[in-house]
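These notes concern the structure reproduced below.
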Amino acid sequence: MSPRAAEKIKKSGPQQVTQPDPQAVKGPATRGRIIAAAADLFYLRGYQGTSLDTVARKARVNRGSLYYFFRSKKNLGLAVIDHFERLIHQNFIEPVLGENPVLGEETGGCGKLGRLANLYSRMPRQESPCCGCPIGKLSLELSGLDEDFRLRLKEVWAGVIEGIAEMVREAQAEGTLDTGSESRELARSFFGQIQGAHIIARSTLDEDALDQDCRRAVENLPWVEKSEKKL
């Protein structure tokens, strides 16, 4: 270091060292709390209707802590999509694929599709008046807003539809579902009806109609000897 540079540092006094925010030091727990708060707010108010200040208040962190984990609102939005994707697989797809039916329930792929439709018809969250898949709601808002959001949501739907296609293939292998259609096409059509039912129910606030429409999505699949099947 040159004498001139050393003299400059000496005159400027001790250097300020930025201390990490105590909230940020807590790491994953704080990050998870921020994502959970943002997920609730985005679901209820929408992405564009939620400010980062509102997220910080709900998560009980300061703005600096929020930016420590998420450099922008878009980064937080992508983390929320990841969060909802995990919940859909953990609470809907995986339990249905792996569960054993209780006595009296339909078994096999047919039973799994019916149970998935039933679970989805009861998706409405307590914080909301009624109805609506969180990923479906974000897809409507974000897909036209940002290309990165659209591509990430496309990946989410591909994973969900593949999980449903596994149920379809099981039903086809059992001979209960027509094999003339490709499994992913049937899965996409089935799930599209359920998502549409949720969009309508967001406006009507009619949970009984939502339940009926989700069951109808199962009935509309090309079942073999459909007239003799009870769904």
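FYI, nothing fancy with the structure tokens labels: chains A, B, ... in order, residues from 1 per chain, ligands from 1 as they appear.
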
If you count only C-alpha atoms, which residues fall within 9 Å of stretch 190-205 of chain A, apart from same-chain ones fewer than 5 positions away, as a PDB file with N, CA and C atoms, in the first residue's frame?
ATOM      1  N   ALA A 117     -59.628 -36.589  -7.610  1.00  0.00           N
ATOM      2  CA  ALA A 117     -60.681 -35.602  -7.880  1.00  0.00           C
ATOM      3  C   ALA A 117     -61.368 -35.176  -6.590  1.00  0.00           C
ATOM      4  N   TYR A 120     -59.055 -32.822  -4.668  1.00  0.00           N
ATOM      5  CA  TYR A 120     -59.002 -31.507  -5.306  1.00  0.00           C
ATOM      6  C   TYR A 120     -60.284 -30.724  -5.073  1.00  0.00           C
ATOM      7  N   SER A 121     -61.396 -31.394  -4.958  1.00  0.00           N
ATOM      8  CA  SER A 121     -62.661 -30.681  -4.715  1.00  0.00           C
ATOM      9  C   SER A 121     -62.703 -30.087  -3.316  1.00  0.00           C
ATOM     10  N   PRO A 129     -62.376 -17.394   0.863  1.00  0.00           N
ATOM     11  CA  PRO A 129     -63.806 -17.704   0.897  1.00  0.00           C
ATOM     12  C   PRO A 129     -64.119 -19.059   0.279  1.00  0.00           C
ATOM     13  N   CYS A 130     -63.493 -19.356  -0.828  1.00  0.00           N
ATOM     14  CA  CYS A 130     -63.738 -20.644  -1.471  1.00  0.00           C
ATOM     15  C   CYS A 130     -62.828 -20.840  -2.666  1.00  0.00           C
ATOM     16  N   CYS A 131     -62.263 -21.976  -2.724  1.00  0.00           N
ATOM     17  CA  CYS A 131     -61.841 -22.556  -3.987  1.00  0.00           C
ATOM     18  C   CYS A 131     -60.608 -21.944  -4.637  1.00  0.00           C
ATOM     19  N   GLY A 132     -59.966 -22.788  -5.404  1.00  0.00           N
ATOM     20  CA  GLY A 132     -58.859 -22.309  -6.209  1.00  0.00           C
ATOM     21  C   GLY A 132     -57.551 -23.020  -5.922  1.00  0.00           C
ATOM     22  N   CYS A 133     -57.009 -23.655  -6.942  1.00  0.00           N
ATOM     23  CA  CYS A 133     -55.681 -24.254  -6.841  1.00  0.00           C
ATOM     24  C   CYS A 133     -54.651 -23.128  -6.862  1.00  0.00           C
ATOM     25  N   GLY A 136     -52.817 -22.959 -10.086  1.00  0.00           N
ATOM     26  CA  GLY A 136     -53.721 -22.507 -11.140  1.00  0.00           C
ATOM     27  C   GLY A 136     -53.923 -21.008 -11.097  1.00  0.00           C
ATOM     28  N   LYS A 137     -54.082 -20.493  -9.901  1.00  0.00           N
ATOM     29  CA  LYS A 137     -54.285 -19.049  -9.738  1.00  0.00           C
ATOM     30  C   LYS A 137     -53.047 -18.268 -10.187  1.00  0.00           C
ATOM     31  N   VAL A 160     -47.195 -32.557 -12.656  1.00  0.00           N
ATOM     32  CA  VAL A 160     -48.498 -32.957 -12.120  1.00  0.00           C
ATOM     33  C   VAL A 160     -49.208 -33.885 -13.106  1.00  0.00           C
ATOM     34  N   ILE A 161     -49.206 -33.508 -14.373  1.00  0.00           N
ATOM     35  CA  ILE A 161     -49.899 -34.310 -15.386  1.00  0.00           C
ATOM     36  C   ILE A 161     -49.247 -35.683 -15.526  1.00  0.00           C
ATOM     37  N   ILE A 164     -50.606 -37.851 -12.815  1.00  0.00           N
ATOM     38  CA  ILE A 164     -51.959 -38.312 -13.130  1.00  0.00           C
ATOM     39  C   ILE A 164     -51.922 -39.352 -14.243  1.00  0.00           C
ATOM     40  N   GLU A 185     -52.492 -37.361 -22.588  1.00  0.00           N
ATOM     41  CA  GLU A 185     -53.604 -36.590 -23.144  1.00  0.00           C
ATOM     42  C   GLU A 185     -54.842 -36.709 -22.262  1.00  0.00           C
ATOM     43  N   LEU A 210     -68.519 -27.261  -7.109  1.00  0.00           N
ATOM     44  CA  LEU A 210     -67.122 -27.641  -7.326  1.00  0.00           C
ATOM     45  C   LEU A 210     -66.947 -29.140  -7.130  1.00  0.00           C
ATOM     46  N   ASP A 211     -67.535 -29.667  -6.070  1.00  0.00           N
ATOM     47  CA  ASP A 211     -67.450 -31.098  -5.801  1.00  0.00           C
ATOM     48  C   ASP A 211     -68.070 -31.901  -6.942  1.00  0.00           C
ATOM     49  N   ASP A 213     -68.507 -30.934 -10.089  1.00  0.00           N
ATOM     50  CA  ASP A 213     -67.740 -30.790 -11.330  1.00  0.00           C
ATOM     51  C   ASP A 213     -66.460 -31.621 -11.299  1.00  0.00           C
ATOM     52  N   CYS A 214     -65.832 -31.736 -10.130  1.00  0.00           N
ATOM     53  CA  CYS A 214     -64.630 -32.566 -10.024  1.00  0.00           C
ATOM     54  C   CYS A 214     -64.969 -34.034 -10.220  1.00  0.00           C
ATOM     55  N   ARG A 215     -66.112 -34.466  -9.690  1.00  0.00           N
ATOM     56  CA  ARG A 215     -66.528 -35.856  -9.905  1.00  0.00           C
ATOM     57  C   ARG A 215     -66.872 -36.099 -11.373  1.00  0.00           C
ATOM     58  N   ARG A 216     -67.440 -35.079 -12.016  1.00  0.00           N
ATOM     59  CA  ARG A 216     -67.782 -35.201 -13.425  1.00  0.00           C
ATOM     60  C   ARG A 216     -66.539 -35.382 -14.291  1.00  0.00           C
ATOM     61  N   ALA A 217     -65.424 -34.804 -13.863  1.00  0.00           N
ATOM     62  CA  ALA A 217     -64.178 -34.975 -14.615  1.00  0.00           C
ATOM     63  C   ALA A 217     -63.773 -36.450 -14.665  1.00  0.00           C
ATOM     64  N   VAL A 218     -64.056 -37.186 -13.590  1.00  0.00           N
ATOM     65  CA  VAL A 218     -63.776 -38.625 -13.571  1.00  0.00           C
ATOM     66  C   VAL A 218     -64.758 -39.351 -14.485  1.00  0.00           C
ATOM     67  N   ASN A 220     -66.240 -38.363 -17.065  1.00  0.00           N
ATOM     68  CA  ASN A 220     -66.063 -38.056 -18.480  1.00  0.00           C
ATOM     69  C   ASN A 220     -64.893 -38.789 -19.131  1.00  0.00           C
ATOM     70  N   LEU A 221     -64.081 -39.484 -18.335  1.00  0.00           N
ATOM     71  CA  LEU A 221     -63.001 -40.281 -18.914  1.00  0.00           C
ATOM     72  C   LEU A 221     -63.597 -41.455 -19.705  1.00  0.00           C
TER      73      LEU A 221
END

Would you give me, as a tab-separated table, each residue of stretch 106-211 of chain A having an atom within 9 Å of an atom of stretch 58-82 of chain A, along with its shortest atom pair and that distance in Å to one decimal, using only C-alpha atoms and sorting by chain and residue number?
residue	atom	partner	partner_atom	distance
A:Pro134	CA	A:Ile81	CA	8.9
A:Ile135	CA	A:Ile81	CA	7.0
A:Leu138	CA	A:Ile81	CA	8.1
A:Asp148	CA	A:Leu78	CA	8.5
A:Phe149	CA	A:Leu78	CA	6.9
A:Arg152	CA	A:Leu78	CA	7.7
A:Leu153	CA	A:Ile81	CA	7.4
A:Val156	CA	A:Ile81	CA	8.3

Q: Measure the distance from atom CA of A:Leu145 to atom CA of A:Arg45 in Å and round it to one decimal.
A: 16.0 Å

Q: Give me the residues within 10 Å of stretch 166-179 of chain A as a list in words, counting only C-alpha atoms and dropping any in the same chain fewer than 5 places off.
A: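 Once the nearby chain positions are removed, what remains is Ile93, Val96, Leu97, Thr107, Gly108, Gly109, Cys110, Gly111, Lys112, Leu113, Leu116, Ile161, Arg184, Glu185, Leu186, Ala187, Phe190, Leu221, Pro222, Trp223, Val224, Glu225, Lys226 and Lys229 of chain A.
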
Please save C-alpha atoms of the selected residues as a compact mmCIF listing (two decimals), in the first residue's frame.
# COMPACT_ATOMS: atom_id res chain seq x y z
CA ILE A 93 -50.26 -36.77 -6.14
CA VAL A 96 -52.96 -41.02 -3.98
CA LEU A 97 -50.30 -42.97 -5.89
CA THR A 107 -59.21 -49.90 -6.14
CA GLY A 108 -56.61 -49.53 -8.87
CA GLY A 109 -56.17 -46.66 -11.29
CA CYS A 110 -59.89 -45.91 -11.37
CA GLY A 111 -60.01 -45.53 -7.61
CA LYS A 112 -56.92 -43.33 -7.58
CA LEU A 113 -58.35 -40.94 -10.16
CA LEU A 116 -57.58 -37.37 -6.57
CA ILE A 161 -49.90 -34.31 -15.39
CA ARG A 184 -50.86 -37.90 -20.88
CA GLU A 185 -53.60 -36.59 -23.14
CA LEU A 186 -56.27 -38.14 -20.93
CA ALA A 187 -54.51 -36.86 -17.81
CA PHE A 190 -59.06 -34.72 -16.81
CA LEU A 221 -63.00 -40.28 -18.91
CA PRO A 222 -63.45 -43.00 -21.58
CA TRP A 223 -64.23 -45.90 -19.27
CA VAL A 224 -64.68 -49.36 -20.68
CA GLU A 225 -68.31 -50.49 -20.33
CA LYS A 226 -68.99 -47.07 -18.90
CA LYS A 229 -69.49 -48.56 -13.96
